[in-house]
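Chemist: This one is model-v5.txt, compact mmCIF, C-alpha atoms and all ligand atoms.
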# COMPACT_ATOMS: atom_id res chain seq x y z
CA MET A 22 -113.99 -56.60 44.65
CA GLN A 23 -111.87 -59.75 44.81
CA THR A 24 -109.32 -58.76 47.43
CA ALA A 25 -110.46 -61.29 50.05
CA ASP A 26 -109.99 -64.23 47.68
CA LEU A 27 -106.71 -62.88 46.41
CA ASP A 28 -105.33 -62.47 49.91
CA THR A 29 -105.54 -66.17 50.52
CA ASP A 30 -103.58 -66.90 47.37
CA LEU A 31 -100.84 -64.31 47.74
CA SER A 32 -97.89 -65.18 49.94
CA LEU A 33 -95.25 -62.92 51.39
CA PHE A 34 -92.58 -65.34 50.27
CA LYS A 35 -93.19 -66.46 46.74
CA TYR A 36 -91.34 -69.76 47.24
CA ASP A 37 -92.35 -70.72 50.74
CA ASN A 38 -91.17 -74.28 50.20
CA LEU A 39 -87.59 -73.07 50.63
CA SER A 40 -85.70 -74.00 53.79
CA GLN A 41 -84.72 -71.91 56.76
CA LEU A 42 -81.16 -71.71 58.00
CA PRO A 43 -80.35 -74.76 60.16
CA PRO A 44 -79.48 -73.94 63.82
CA ALA A 45 -75.87 -75.10 63.36
CA TYR A 46 -75.31 -72.16 60.98
CA ARG A 47 -76.88 -69.45 63.11
CA ASN A 48 -73.98 -68.36 65.34
CA LEU A 49 -70.69 -68.61 63.54
CA ASP A 50 -67.38 -66.98 64.16
CA ALA A 51 -66.76 -64.56 61.25
CA GLU A 52 -63.20 -65.73 60.57
CA ASP A 53 -64.11 -69.38 60.73
CA ARG A 54 -67.05 -68.76 58.39
CA GLU A 55 -64.80 -67.01 55.87
CA ARG A 56 -62.38 -69.90 55.92
CA ARG A 57 -65.20 -72.40 55.39
CA ILE A 58 -66.73 -70.34 52.54
CA GLU A 59 -63.34 -70.24 50.79
CA ALA A 60 -62.84 -73.98 51.32
CA ALA A 61 -66.29 -74.80 49.88
CA LEU A 62 -65.70 -72.52 46.90
CA ALA A 63 -62.33 -74.17 46.23
CA GLU A 64 -64.00 -77.57 46.32
CA LEU A 65 -66.84 -76.55 44.00
CA GLY A 66 -64.62 -74.70 41.51
CA ASP A 67 -66.28 -73.86 38.19
CA ASP A 68 -69.48 -75.65 39.18
CA VAL A 69 -70.57 -72.50 40.98
CA VAL A 70 -70.88 -68.85 40.07
CA ILE A 71 -71.88 -66.24 42.64
CA LEU A 72 -73.79 -63.18 41.44
CA GLY A 73 -74.07 -60.19 43.78
CA HIS A 74 -76.48 -57.32 43.34
CA ASN A 75 -75.05 -53.87 44.11
CA TYR A 76 -77.19 -53.72 47.29
CA GLN A 77 -75.78 -56.85 48.86
CA ARG A 78 -73.77 -56.81 52.07
CA ARG A 79 -70.01 -56.47 51.87
CA GLU A 80 -69.55 -60.10 53.03
CA ILE A 81 -71.54 -61.25 50.01
CA VAL A 82 -70.14 -58.96 47.29
CA GLU A 83 -66.63 -59.89 48.42
CA HIS A 84 -67.36 -63.46 47.32
CA ALA A 85 -69.22 -62.53 44.15
CA ASP A 86 -67.81 -63.42 40.72
CA PHE A 87 -69.94 -60.61 39.26
CA ILE A 88 -71.43 -57.55 40.91
CA GLY A 89 -74.00 -55.45 39.09
CA ASP A 90 -77.54 -54.19 38.61
CA SER A 91 -80.45 -56.50 38.00
CA TYR A 92 -80.11 -56.30 34.23
CA GLN A 93 -76.35 -57.00 34.20
CA LEU A 94 -76.77 -59.92 36.58
CA SER A 95 -79.42 -61.56 34.39
CA LYS A 96 -77.06 -61.25 31.45
CA GLU A 97 -74.24 -62.79 33.49
CA ALA A 98 -76.57 -65.62 34.50
CA ALA A 99 -77.49 -66.20 30.84
CA GLU A 100 -73.83 -66.30 29.80
CA SER A 101 -72.61 -68.48 32.63
CA ASP A 102 -72.24 -72.21 32.12
CA ALA A 103 -71.81 -73.00 35.83
CA GLU A 104 -74.06 -75.76 37.06
CA TYR A 105 -75.11 -73.65 40.06
CA VAL A 106 -75.84 -69.93 40.02
CA ILE A 107 -75.92 -68.64 43.59
CA PHE A 108 -77.93 -65.44 43.48
CA GLY A 109 -77.06 -62.72 45.97
CA GLY A 110 -80.20 -60.71 45.35
CA VAL A 111 -83.96 -61.03 45.70
CA THR A 112 -86.53 -63.51 44.47
CA PHE A 113 -87.55 -61.75 41.26
CA MET A 114 -83.90 -61.59 40.17
CA ALA A 115 -83.34 -65.29 40.88
CA GLU A 116 -86.53 -66.10 38.94
CA SER A 117 -85.32 -64.15 35.91
CA ALA A 118 -81.99 -65.96 36.13
CA ASP A 119 -83.79 -69.31 36.27
CA ILE A 120 -85.84 -68.40 33.19
CA ILE A 121 -82.86 -67.45 31.07
CA THR A 122 -80.36 -70.10 32.16
CA ASP A 123 -80.30 -73.56 30.60
CA ASP A 124 -82.50 -76.33 32.00
CA ASP A 125 -79.51 -78.17 33.45
CA GLN A 126 -78.43 -75.15 35.51
CA GLN A 127 -79.87 -74.49 38.96
CA VAL A 128 -80.39 -71.06 40.47
CA ILE A 129 -80.06 -70.91 44.25
CA LEU A 130 -81.41 -68.05 46.37
CA PRO A 131 -79.71 -68.61 49.74
CA SER A 132 -82.48 -67.08 51.89
CA MET A 133 -86.17 -67.66 51.29
CA GLU A 134 -86.95 -64.33 52.91
CA ALA A 135 -85.22 -62.19 50.30
CA SER A 136 -88.43 -60.97 48.67
CA CYS A 137 -88.75 -57.43 47.31
CA PRO A 138 -91.89 -55.83 48.80
CA MET A 139 -92.47 -53.76 45.68
CA ALA A 140 -92.64 -56.88 43.49
CA GLY A 141 -95.37 -58.09 45.85
CA MET A 142 -97.41 -54.92 45.25
CA ALA A 143 -98.52 -56.12 41.81
CA GLU A 144 -98.88 -59.85 41.64
CA ALA A 145 -100.29 -61.38 38.45
CA LEU A 146 -103.35 -62.60 40.30
CA GLN A 147 -104.22 -59.05 41.33
CA VAL A 148 -103.45 -57.52 37.96
CA ASP A 149 -105.40 -60.16 36.13
CA SER A 150 -108.42 -59.49 38.31
CA VAL A 151 -108.49 -55.76 37.53
CA TRP A 152 -107.37 -55.90 33.88
CA ALA A 153 -110.99 -56.25 32.74
CA LYS A 154 -111.94 -53.15 34.74
CA LEU A 155 -109.18 -51.18 33.04
CA THR A 156 -109.83 -52.39 29.53
CA ALA A 157 -113.61 -51.93 29.94
CA ALA A 158 -113.01 -48.23 30.59
CA THR A 159 -111.48 -47.62 27.16
CA GLU A 160 -111.75 -48.89 23.61
CA GLU A 161 -108.10 -48.09 23.01
CA THR A 162 -105.38 -50.76 23.13
CA VAL A 163 -103.53 -50.97 26.44
CA ILE A 164 -100.04 -52.48 26.47
CA PRO A 165 -98.78 -53.65 29.90
CA ILE A 166 -95.13 -53.08 30.78
CA CYS A 167 -93.72 -54.50 33.96
CA TYR A 168 -90.57 -53.46 35.70
CA MET A 169 -87.97 -56.18 36.20
CA ASN A 170 -88.90 -55.91 39.90
CA SER A 171 -91.91 -58.19 39.45
CA TYR A 172 -92.59 -61.91 39.66
CA ALA A 173 -92.40 -64.26 36.70
CA ASP A 174 -96.17 -64.69 36.48
CA LEU A 175 -96.63 -60.93 36.01
CA LYS A 176 -93.95 -60.96 33.31
CA ALA A 177 -95.91 -63.80 31.69
CA PHE A 178 -99.14 -61.75 31.96
CA CYS A 179 -97.44 -58.84 30.17
CA ALA A 180 -96.24 -61.10 27.36
CA GLU A 181 -99.73 -62.55 26.94
CA HIS A 182 -101.22 -59.09 26.58
CA GLY A 183 -98.68 -57.91 24.02
CA GLY A 184 -96.32 -56.24 26.49
CA LEU A 185 -92.80 -56.59 27.81
CA VAL A 186 -90.40 -56.15 30.72
CA CYS A 187 -88.07 -53.21 31.32
CA THR A 188 -85.41 -52.21 33.83
CA SER A 189 -84.56 -48.78 35.17
CA SER A 190 -82.06 -48.36 32.33
CA ASN A 191 -84.41 -49.02 29.40
CA ALA A 192 -87.88 -47.94 30.59
CA ALA A 193 -88.14 -45.08 28.05
CA ASP A 194 -87.30 -47.47 25.17
CA ALA A 195 -89.92 -49.91 26.46
CA PHE A 196 -92.57 -47.15 26.55
CA GLU A 197 -91.71 -46.19 22.96
CA TRP A 198 -91.92 -49.84 21.90
CA ALA A 199 -95.37 -50.08 23.49
CA PHE A 200 -96.68 -46.87 21.94
CA GLU A 201 -95.68 -48.18 18.50
CA ARG A 202 -98.05 -51.11 19.12
CA GLY A 203 -100.85 -49.63 21.23
CA ASP A 204 -102.48 -46.42 22.45
CA LYS A 205 -101.96 -46.63 26.19
CA VAL A 206 -99.40 -48.10 28.56
CA LEU A 207 -100.13 -49.76 31.91
CA PHE A 208 -96.85 -49.62 33.84
CA LEU A 209 -96.35 -51.60 37.03
CA PRO A 210 -95.51 -51.90 39.84
CA ASP A 211 -93.39 -48.73 40.42
CA LYS A 212 -95.33 -45.48 40.03
CA HIS A 213 -92.17 -43.40 40.55
CA LEU A 214 -90.15 -45.05 37.77
CA GLY A 215 -93.29 -44.75 35.63
CA THR A 216 -93.70 -41.04 36.44
CA ASN A 217 -90.02 -40.32 35.78
CA THR A 218 -90.14 -42.17 32.46
CA ALA A 219 -93.33 -40.35 31.40
CA HIS A 220 -91.56 -37.04 32.13
CA ASP A 221 -88.56 -38.06 30.01
CA LEU A 222 -90.94 -38.69 27.12
CA GLY A 223 -92.94 -35.46 27.60
CA LEU A 224 -96.01 -37.43 28.73
CA GLU A 225 -96.28 -35.98 32.23
CA ASP A 226 -99.67 -34.35 31.52
CA ASP A 227 -101.01 -37.60 30.17
CA THR A 228 -100.31 -39.73 33.24
CA LEU A 229 -102.63 -41.19 35.85
CA VAL A 230 -101.67 -43.07 39.01
CA TRP A 231 -104.32 -45.75 39.28
CA ASP A 232 -105.22 -47.51 42.49
CA PRO A 233 -107.37 -50.37 41.22
CA TRP A 234 -108.67 -51.11 44.74
CA ALA A 235 -110.07 -47.61 45.25
CA ASP A 236 -113.50 -47.34 43.74
CA ASP A 237 -113.21 -43.65 43.02
CA THR A 238 -111.38 -43.73 39.65
CA ASP A 239 -113.61 -42.18 37.04
CA PRO A 240 -113.34 -44.29 33.84
CA LYS A 241 -113.13 -40.95 32.01
CA GLU A 242 -109.71 -40.41 33.64
CA ILE A 243 -108.52 -43.71 32.17
CA ARG A 244 -109.79 -42.65 28.74
CA GLU A 245 -108.09 -39.27 29.02
CA ASN A 246 -104.61 -40.49 30.02
CA ASP A 247 -102.16 -42.52 27.96
CA VAL A 248 -99.88 -43.63 30.78
CA ILE A 249 -101.61 -45.53 33.59
CA LEU A 250 -99.35 -46.21 36.58
CA TRP A 251 -99.95 -48.89 39.17
CA GLU A 252 -99.96 -47.67 42.78
CA GLY A 253 -96.69 -49.34 43.82
CA TYR A 254 -93.39 -47.99 45.17
CA CYS A 255 -90.12 -48.93 46.81
CA GLN A 256 -90.07 -48.01 50.47
CA VAL A 257 -86.29 -47.54 50.44
CA HIS A 258 -86.34 -45.00 47.60
CA GLU A 259 -89.57 -43.25 48.64
CA ARG A 260 -87.74 -42.12 51.72
CA PHE A 261 -85.57 -39.62 49.81
CA ARG A 262 -86.93 -36.05 49.80
CA ALA A 263 -86.03 -32.96 47.82
CA ASP A 264 -84.84 -31.31 51.05
CA HIS A 265 -82.17 -34.04 51.37
CA VAL A 266 -80.79 -32.77 48.06
CA GLU A 267 -80.97 -29.15 49.27
CA ALA A 268 -79.21 -30.05 52.53
CA VAL A 269 -76.37 -31.86 50.76
CA ARG A 270 -75.95 -28.91 48.37
CA GLU A 271 -75.76 -26.52 51.29
CA ASP A 272 -73.11 -28.56 53.13
CA HIS A 273 -71.23 -29.64 49.97
CA PRO A 274 -71.84 -27.05 47.22
CA GLU A 275 -69.41 -28.92 44.96
CA ALA A 276 -71.31 -32.24 45.21
CA ASN A 277 -72.82 -34.00 42.22
CA VAL A 278 -76.11 -35.60 43.18
CA ILE A 279 -77.16 -38.84 41.49
CA VAL A 280 -80.34 -40.74 42.37
CA HIS A 281 -82.13 -43.91 41.32
CA PRO A 282 -85.30 -43.48 39.19
CA GLU A 283 -87.35 -45.26 41.86
CA CYS A 284 -87.10 -41.93 43.77
CA ARG A 285 -90.00 -39.46 43.79
CA ARG A 286 -90.24 -37.03 40.87
CA GLU A 287 -89.24 -33.98 42.96
CA VAL A 288 -86.06 -35.75 44.11
CA VAL A 289 -85.09 -36.63 40.53
CA GLU A 290 -85.74 -33.01 39.51
CA ALA A 291 -83.57 -31.68 42.32
CA ALA A 292 -80.68 -34.10 41.50
CA ASP A 293 -78.04 -33.61 38.79
CA ARG A 294 -78.39 -37.11 37.39
CA VAL A 295 -80.62 -40.13 37.56
CA GLY A 296 -79.75 -43.74 36.73
CA SER A 297 -79.82 -47.42 37.57
CA THR A 298 -77.44 -48.84 40.15
CA ALA A 299 -75.04 -49.61 37.27
CA ASP A 300 -75.20 -45.95 36.10
CA ILE A 301 -74.55 -44.77 39.65
CA THR A 302 -71.58 -47.13 39.92
CA ARG A 303 -70.17 -45.90 36.59
CA ALA A 304 -70.60 -42.23 37.58
CA VAL A 305 -68.38 -42.74 40.63
CA GLU A 306 -65.92 -44.97 38.74
CA ASN A 307 -65.49 -42.21 36.13
CA ALA A 308 -65.24 -39.36 38.65
CA ASP A 309 -61.98 -37.41 38.91
CA PRO A 310 -60.06 -37.68 42.19
CA GLY A 311 -61.38 -35.18 44.72
CA GLU A 312 -64.90 -35.01 43.27
CA THR A 313 -67.86 -35.37 45.63
CA TRP A 314 -70.85 -37.57 44.77
CA ALA A 315 -74.01 -37.79 46.84
CA ILE A 316 -75.79 -41.08 46.23
CA GLY A 317 -79.57 -41.41 46.40
CA THR A 318 -80.09 -45.14 46.58
CA GLU A 319 -79.84 -48.09 48.96
CA ILE A 320 -77.12 -47.54 51.55
CA HIS A 321 -74.96 -50.60 50.79
CA LEU A 322 -74.15 -49.34 47.30
CA ALA A 323 -73.10 -45.95 48.69
CA ASN A 324 -70.88 -47.75 51.22
CA HIS A 325 -69.33 -50.03 48.57
CA LEU A 326 -68.58 -47.05 46.30
CA ASP A 327 -66.99 -45.20 49.20
CA ARG A 328 -64.76 -48.22 49.93
CA TRP A 329 -63.92 -48.97 46.30
CA HIS A 330 -63.07 -45.35 45.37
CA PRO A 331 -61.08 -43.78 48.19
CA ASP A 332 -60.09 -40.85 45.89
CA VAL A 333 -63.71 -39.77 45.51
CA GLU A 334 -65.82 -38.39 48.32
CA VAL A 335 -68.97 -40.52 48.37
CA LEU A 336 -71.88 -39.38 50.56
CA PRO A 337 -75.17 -41.13 51.22
CA LEU A 338 -77.82 -38.58 50.16
CA CYS A 339 -79.74 -38.63 53.42
CA GLY A 340 -76.87 -39.41 55.80
CA ASP A 341 -77.74 -41.77 58.61
CA ALA A 342 -81.42 -41.78 57.58
CA CYS A 343 -80.56 -43.69 54.35
CA MET A 344 -82.08 -47.13 54.49
CA ASP A 345 -80.84 -50.54 53.65
CA CYS A 346 -83.16 -52.87 51.78
CA ASN A 347 -84.61 -55.36 54.21
CA ALA A 348 -85.09 -57.93 51.45
CA MET A 349 -81.51 -57.71 50.19
CA ARG A 350 -80.22 -57.91 53.77
CA GLN A 351 -81.75 -61.38 54.20
CA ILE A 352 -78.89 -62.91 52.23
CA ASP A 353 -76.30 -63.14 54.94
CA PRO A 354 -72.96 -64.96 54.90
CA ASN A 355 -74.30 -67.73 57.15
CA TYR A 356 -76.80 -68.62 54.44
CA LEU A 357 -74.09 -68.41 51.80
CA LEU A 358 -71.91 -70.85 53.72
CA TRP A 359 -74.83 -73.21 54.30
CA VAL A 360 -75.86 -73.49 50.62
CA LEU A 361 -72.23 -73.92 49.56
CA GLU A 362 -71.46 -76.65 52.11
CA GLU A 363 -74.70 -78.40 51.16
CA LEU A 364 -73.59 -78.41 47.52
CA VAL A 365 -70.23 -79.88 48.52
CA GLU A 366 -72.24 -82.69 50.17
CA GLY A 367 -74.30 -83.10 46.99
CA HIS A 368 -77.47 -81.43 48.33
CA GLU A 369 -79.19 -78.58 46.50
CA GLN A 370 -80.91 -76.15 48.88
CA ASN A 371 -83.27 -73.29 48.03
CA VAL A 372 -83.42 -73.83 44.29
CA ILE A 373 -85.69 -71.32 42.53
CA SER A 374 -87.62 -73.10 39.85
CA VAL A 375 -90.25 -71.09 37.99
CA ASP A 376 -93.33 -72.96 36.83
CA PRO A 377 -92.51 -73.95 33.22
CA ALA A 378 -95.72 -72.51 31.72
CA ALA A 379 -95.13 -69.10 33.32
CA ALA A 380 -91.42 -69.31 32.53
CA ASP A 381 -92.00 -69.71 28.80
CA ARG A 382 -94.25 -66.67 28.56
CA ALA A 383 -92.11 -64.61 30.93
CA GLU A 384 -89.14 -65.39 28.72
CA THR A 385 -91.01 -63.86 25.78
CA ALA A 386 -91.46 -60.62 27.78
CA LEU A 387 -87.78 -60.67 28.77
CA ASP A 388 -86.70 -61.35 25.18
CA ARG A 389 -88.74 -58.39 23.95
CA MET A 390 -86.77 -56.26 26.40
CA LEU A 391 -83.43 -57.71 25.33
CA GLU A 392 -84.30 -56.88 21.70
CA LEU A 393 -85.05 -53.19 22.42
P1 LIG B 401 -81.28 -51.88 39.48
O1 LIG B 401 -81.98 -52.56 38.36
O2 LIG B 401 -80.94 -50.46 39.18
O3 LIG B 401 -80.12 -52.67 39.97
O4 LIG B 401 -82.31 -51.74 40.68
C1 LIG B 401 -82.89 -52.83 41.26
C2 LIG B 401 -83.58 -52.43 42.47
O5 LIG B 401 -84.14 -53.24 43.16
C3 LIG B 401 -83.60 -51.02 42.83
O6 LIG B 401 -84.27 -50.87 44.03
FE1 LIG B 402 -87.22 -53.95 46.15
FE2 LIG B 402 -86.69 -51.44 46.89
FE3 LIG B 402 -85.26 -53.48 47.84
FE4 LIG B 402 -85.02 -52.71 45.30
S1 LIG B 402 -84.46 -51.53 47.12
S2 LIG B 402 -85.16 -54.82 46.03
S3 LIG B 402 -87.16 -52.15 44.83
S4 LIG B 402 -87.43 -53.09 48.20
Let me see whether you can do it: turn the structure in this file into C-alpha cells.

Modeler:
Amino acid sequence: MQTADLDTDLSLFKYDNLSQLPPAYRNLDAEDRERRIEAALAELGDDVVILGHNYQRREIVEHADFIGDSYQLSKEAAESDAEYVIFGGVTFMAESADIITDDDQQVILPSMEASCPMAGMAEALQVDSVWAKLTAATEETVIPICYMNSYADLKAFCAEHGGLVCTSSNAADAFEWAFERGDKVLFLPDKHLGTNTAHDLGLEDDTLVWDPWADDTDPKEIRENDVILWEGYCQVHERFRADHVEAVREDHPEANVIVHPECRREVVEAADRVGSTADITRAVENADPGETWAIGTEIHLANHLDRWHPDVEVLPLCGDACMDCNAMRQIDPNYLLWVLEELVEGHEQNVISVDPAAADRAETALDRMLEL
C-alpha cells in the first residue's frame, strides 16, 4: 500500500505557488469594484478574454465574454487569440485551456483555491500506483478514460496507456472508442457518470465500482467486468436523491426534470432528461413560455437560468438544500478585479502553466476526444 508516500506528494491545491488576494482587495464596495473592473477591461481591450463556467457567480458571468460548459469553454479558449485568458472556473479547466492555447497566450485562474475536489480523488500518482494491481488481475487490455474533471497529469497517463478524455456530453462515444481498441475500460474519477454511461450502452451488468485502496476486491471481479469505475464522485451532485424528484413531481406535476449525469443512477432514472450543463441550458432556452423545469445541478446555474428566462418557471431540484460548488465559489469579483488591475500594471498573477511534458501527452488525450 503506497498511500502514506502518496499523501506527501498530493496537494489540495494543485498550483500552490499561486498568490492569495492582497489585503487591499479584501473589502471593496460593490459599486466601486464594478466601476474598476469595467475600467480595467476597457484598458486591456482585446488583450483579455473572460471565460465563465455555468456554475460561476452572477458577478463573474456578467463580465464573461463566453459562458458555457467545460467542453465549450475549452473550445473557446482554443479559438481565442487574446493574450490573456481569464478562466472563471476551476483548476482542471484552466489547465485544459493552457494545454490547447498557443504558447504565447497565458491562462489566469484568479483564485488558487478553485480546485474541484472530485479531480483530486484520482490523481495520476495514485492511479499510476494501482494500475499494475489492476492490469495484473486480467490478461485483457484495459483502456483508461478520464473525465475532463481531472488534472493534466492524469490525462497524460490516459494518453500513455492508449486512452482518452471525455466530458459529460461525449462519455458514451469515448466508451465505444475504447471498446474498439481494448476489452475493458477503466473510467475515472466519477463513478456516477461512469455508471450512467454504462447503462446507456447496456453494460450495467458488466460494471464494477473499484476502490483500489480497499484490499477486498477479488481479482475475479475485475476479470468478470468490462467497465471498472474509480471510487470518485462529486459532492454537489451526490446530494440529489430520487425523493427530490418525487417531491417536485408532487408539487409541480407539469414540471420537466433535467439532471446532470454526475447524479446517482436512481436520480437519473427518476428524471425526464439528463445532460451536461450546456444541455441543461439549451433545454431551458428552448422551453415554451409557461413551462416548468426542475434543475438537478449546481445552484448557480439554476439561478442564472431563472434570471435569463423569466417566461419559464425554473426550480432548483432540491429547493434550498441545493448546493453551490465550493470550488467554483472561490472565484469572486475581488479576485477578478485584482488580476485585471495587475495586468493593467503589466503584472501577470496566478498563471496556470502545465508542465510541458505532461501537457504534450495530455493534449494527445484531449485531441482523441475532439476527434470522436
Ligand atoms: P460540465 O462539463 O457539464 O460543464 O460539468 C462540469 C462540472 O464540473 C460538473 O460538475
Ligand atoms: Fe467539481 Fe462537483 Fe464542483 Fe463540478 S460541481 S467543479 S465536479 S466539485

Chemist: Which residues, written as a ChimeraX atom specification, have at least one atom at most 12 Å from stretch 359-371 of chain A, with all atoms listed in the file counted and residues fewer than 3 positions away on the same chain left out?

Modeler: /A:36-47,49,54-66,68-71,84,104-109,112,115,126-135,352-356,374

Chemist: How many Å separate atom CA of A:Met390 from atom CA of A:Val163?

Modeler: 17.6 Å

Chemist: List as an MDAnalysis selection string the protein and nucleic acid residues near stretch 207-219 of chain A, meaning an atom at most 9 Å away when all atoms listed in the file are counted, but skip any in the same chain fewer than 4 places from it.

Modeler: chainID A and resid 139:144 163:168 170:171 189 192:193 196 223:230 247:255 259 281:286 289

Chemist: Figure out the distance between atom CA of A:Asp90 and atom O2 of ligand LIG 401 (chain B), please, to one decimal in Å.

Modeler: 5.1 Å

Chemist: Which of these residues is nearest to A:Ser297, using all atoms listed in the file: A:Leu322, A:Asp327, A:Asp264, A:Asp309?

Modeler: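 For A:Ser297, the nearest of the candidates is A:Leu322.
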
Chemist: Which residues of chain A sit at most 9 Å from ligand LIG 401 (chain B), using all atoms listed in the file? Give each one's shortest atom pair and distance in Å (one decimal place), in chain and ascending residue order, as JSON lines.

Modeler:
{"residue": "A:His74", "atom": "CA", "partner": "B:LIG401", "partner_atom": "O3", "distance": 6.8}
{"residue": "A:Asn75", "atom": "CA", "partner": "B:LIG401", "partner_atom": "O3", "distance": 6.7}
{"residue": "A:Tyr76", "atom": "CA", "partner": "B:LIG401", "partner_atom": "O3", "distance": 8.0}
{"residue": "A:Gly89", "atom": "CA", "partner": "B:LIG401", "partner_atom": "O3", "distance": 6.8}
{"residue": "A:Asp90", "atom": "CA", "partner": "B:LIG401", "partner_atom": "O3", "distance": 3.3}
{"residue": "A:Ser91", "atom": "CA", "partner": "B:LIG401", "partner_atom": "O1", "distance": 4.2}
{"residue": "A:Tyr92", "atom": "CA", "partner": "B:LIG401", "partner_atom": "O1", "distance": 5.9}
{"residue": "A:Gln93", "atom": "CA", "partner": "B:LIG401", "partner_atom": "O3", "distance": 8.1}
{"residue": "A:Leu94", "atom": "CA", "partner": "B:LIG401", "partner_atom": "O3", "distance": 8.7}
{"residue": "A:Gly110", "atom": "CA", "partner": "B:LIG401", "partner_atom": "O5", "distance": 8.7}
{"residue": "A:Val111", "atom": "CA", "partner": "B:LIG401", "partner_atom": "O5", "distance": 8.2}
{"residue": "A:Met114", "atom": "CA", "partner": "B:LIG401", "partner_atom": "O5", "distance": 8.9}
{"residue": "A:Cys137", "atom": "CA", "partner": "B:LIG401", "partner_atom": "O5", "distance": 7.5}
{"residue": "A:Met139", "atom": "CA", "partner": "B:LIG401", "partner_atom": "O5", "distance": 8.7}
{"residue": "A:Met169", "atom": "CA", "partner": "B:LIG401", "partner_atom": "O1", "distance": 7.3}
{"residue": "A:Asn170", "atom": "CA", "partner": "B:LIG401", "partner_atom": "O5", "distance": 6.4}
{"residue": "A:Thr188", "atom": "CA", "partner": "B:LIG401", "partner_atom": "O1", "distance": 5.7}
{"residue": "A:Ser189", "atom": "CA", "partner": "B:LIG401", "partner_atom": "O1", "distance": 5.6}
{"residue": "A:Ser190", "atom": "CA", "partner": "B:LIG401", "partner_atom": "O2", "distance": 7.3}
{"residue": "A:Cys255", "atom": "CA", "partner": "B:LIG401", "partner_atom": "O6", "distance": 6.8}
{"residue": "A:Val257", "atom": "CA", "partner": "B:LIG401", "partner_atom": "O6", "distance": 7.5}
{"residue": "A:His258", "atom": "CA", "partner": "B:LIG401", "partner_atom": "O6", "distance": 7.2}
{"residue": "A:His281", "atom": "CA", "partner": "B:LIG401", "partner_atom": "O2", "distance": 7.0}
{"residue": "A:Pro282", "atom": "CA", "partner": "B:LIG401", "partner_atom": "O2", "distance": 8.2}
{"residue": "A:Glu283", "atom": "CA", "partner": "B:LIG401", "partner_atom": "O6", "distance": 6.8}
{"residue": "A:Gly296", "atom": "CA", "partner": "B:LIG401", "partner_atom": "O2", "distance": 7.3}
{"residue": "A:Ser297", "atom": "CA", "partner": "B:LIG401", "partner_atom": "O2", "distance": 3.6}
{"residue": "A:Thr298", "atom": "CA", "partner": "B:LIG401", "partner_atom": "O2", "distance": 4.0}
{"residue": "A:Ala299", "atom": "CA", "partner": "B:LIG401", "partner_atom": "O2", "distance": 6.3}
{"residue": "A:Asp300", "atom": "CA", "partner": "B:LIG401", "partner_atom": "O2", "distance": 7.9}
{"residue": "A:Ile301", "atom": "CA", "partner": "B:LIG401", "partner_atom": "O2", "distance": 8.6}
{"residue": "A:Thr318", "atom": "CA", "partner": "B:LIG401", "partner_atom": "O6", "distance": 7.5}
{"residue": "A:Glu319", "atom": "CA", "partner": "B:LIG401", "partner_atom": "O6", "distance": 7.2}
{"residue": "A:Cys346", "atom": "CA", "partner": "B:LIG401", "partner_atom": "O6", "distance": 8.1}
{"residue": "A:Met349", "atom": "CA", "partner": "B:LIG401", "partner_atom": "O5", "distance": 8.7}

Chemist: Find the residue from A:Gly183, A:Pro138, A:Pro337, A:Pro240 that sits nearest to ligand LIG 402 (chain B); use only C-alpha atoms and all ligand atoms when measuring.

Modeler: A:Pro138

Chemist: Write out as a ChimeraX atom specification the residues lying within 10 Å of A:Asn307, counting only C-alpha atoms and excluding same-chain residues fewer than 4 positions away.

Modeler: /A:302-303,333

Chemist: Could you add the missing atoms to stretch 360-371 of chain A, up to N, CA and C atoms, and return them as a PDB file, in the frame of the given file?

Modeler:
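New file out_18.pdb:
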ATOM      1  N   VAL A 360     -75.532 -72.920  51.941  1.00  0.00           N
ATOM      2  CA  VAL A 360     -75.860 -73.490  50.620  1.00  0.00           C
ATOM      3  C   VAL A 360     -74.617 -74.042  49.937  1.00  0.00           C
ATOM      4  N   LEU A 361     -73.461 -73.414  50.186  1.00  0.00           N
ATOM      5  CA  LEU A 361     -72.230 -73.920  49.560  1.00  0.00           C
ATOM      6  C   LEU A 361     -71.835 -75.275  50.156  1.00  0.00           C
ATOM      7  N   GLU A 362     -71.863 -75.370  51.488  1.00  0.00           N
ATOM      8  CA  GLU A 362     -71.460 -76.650  52.110  1.00  0.00           C
ATOM      9  C   GLU A 362     -72.436 -77.768  51.751  1.00  0.00           C
ATOM     10  N   GLU A 363     -73.713 -77.395  51.593  1.00  0.00           N
ATOM     11  CA  GLU A 363     -74.700 -78.400  51.160  1.00  0.00           C
ATOM     12  C   GLU A 363     -74.356 -78.893  49.751  1.00  0.00           C
ATOM     13  N   LEU A 364     -73.952 -77.990  48.888  1.00  0.00           N
ATOM     14  CA  LEU A 364     -73.590 -78.410  47.520  1.00  0.00           C
ATOM     15  C   LEU A 364     -72.374 -79.330  47.547  1.00  0.00           C
ATOM     16  N   VAL A 365     -71.408 -79.006  48.405  1.00  0.00           N
ATOM     17  CA  VAL A 365     -70.230 -79.880  48.520  1.00  0.00           C
ATOM     18  C   VAL A 365     -70.677 -81.294  48.902  1.00  0.00           C
ATOM     19  N   GLU A 366     -71.709 -81.373  49.749  1.00  0.00           N
ATOM     20  CA  GLU A 366     -72.240 -82.690  50.170  1.00  0.00           C
ATOM     21  C   GLU A 366     -73.190 -83.298  49.137  1.00  0.00           C
ATOM     22  N   GLY A 367     -73.407 -82.573  48.037  1.00  0.00           N
ATOM     23  CA  GLY A 367     -74.300 -83.100  46.990  1.00  0.00           C
ATOM     24  C   GLY A 367     -75.772 -82.762  47.198  1.00  0.00           C
ATOM     25  N   HIS A 368     -76.072 -81.795  48.090  1.00  0.00           N
ATOM     26  CA  HIS A 368     -77.470 -81.430  48.330  1.00  0.00           C
ATOM     27  C   HIS A 368     -77.741 -80.027  47.789  1.00  0.00           C
ATOM     28  N   GLU A 369     -78.811 -79.904  47.023  1.00  0.00           N
ATOM     29  CA  GLU A 369     -79.190 -78.580  46.500  1.00  0.00           C
ATOM     30  C   GLU A 369     -80.228 -77.980  47.428  1.00  0.00           C
ATOM     31  N   GLN A 370     -79.942 -76.824  47.993  1.00  0.00           N
ATOM     32  CA  GLN A 370     -80.910 -76.150  48.880  1.00  0.00           C
ATOM     33  C   GLN A 370     -81.415 -74.880  48.199  1.00  0.00           C
ATOM     34  N   ASN A 371     -82.663 -74.565  48.443  1.00  0.00           N
ATOM     35  CA  ASN A 371     -83.270 -73.290  48.030  1.00  0.00           C
ATOM     36  C   ASN A 371     -83.112 -72.982  46.534  1.00  0.00           C
TER      37      ASN A 371
END
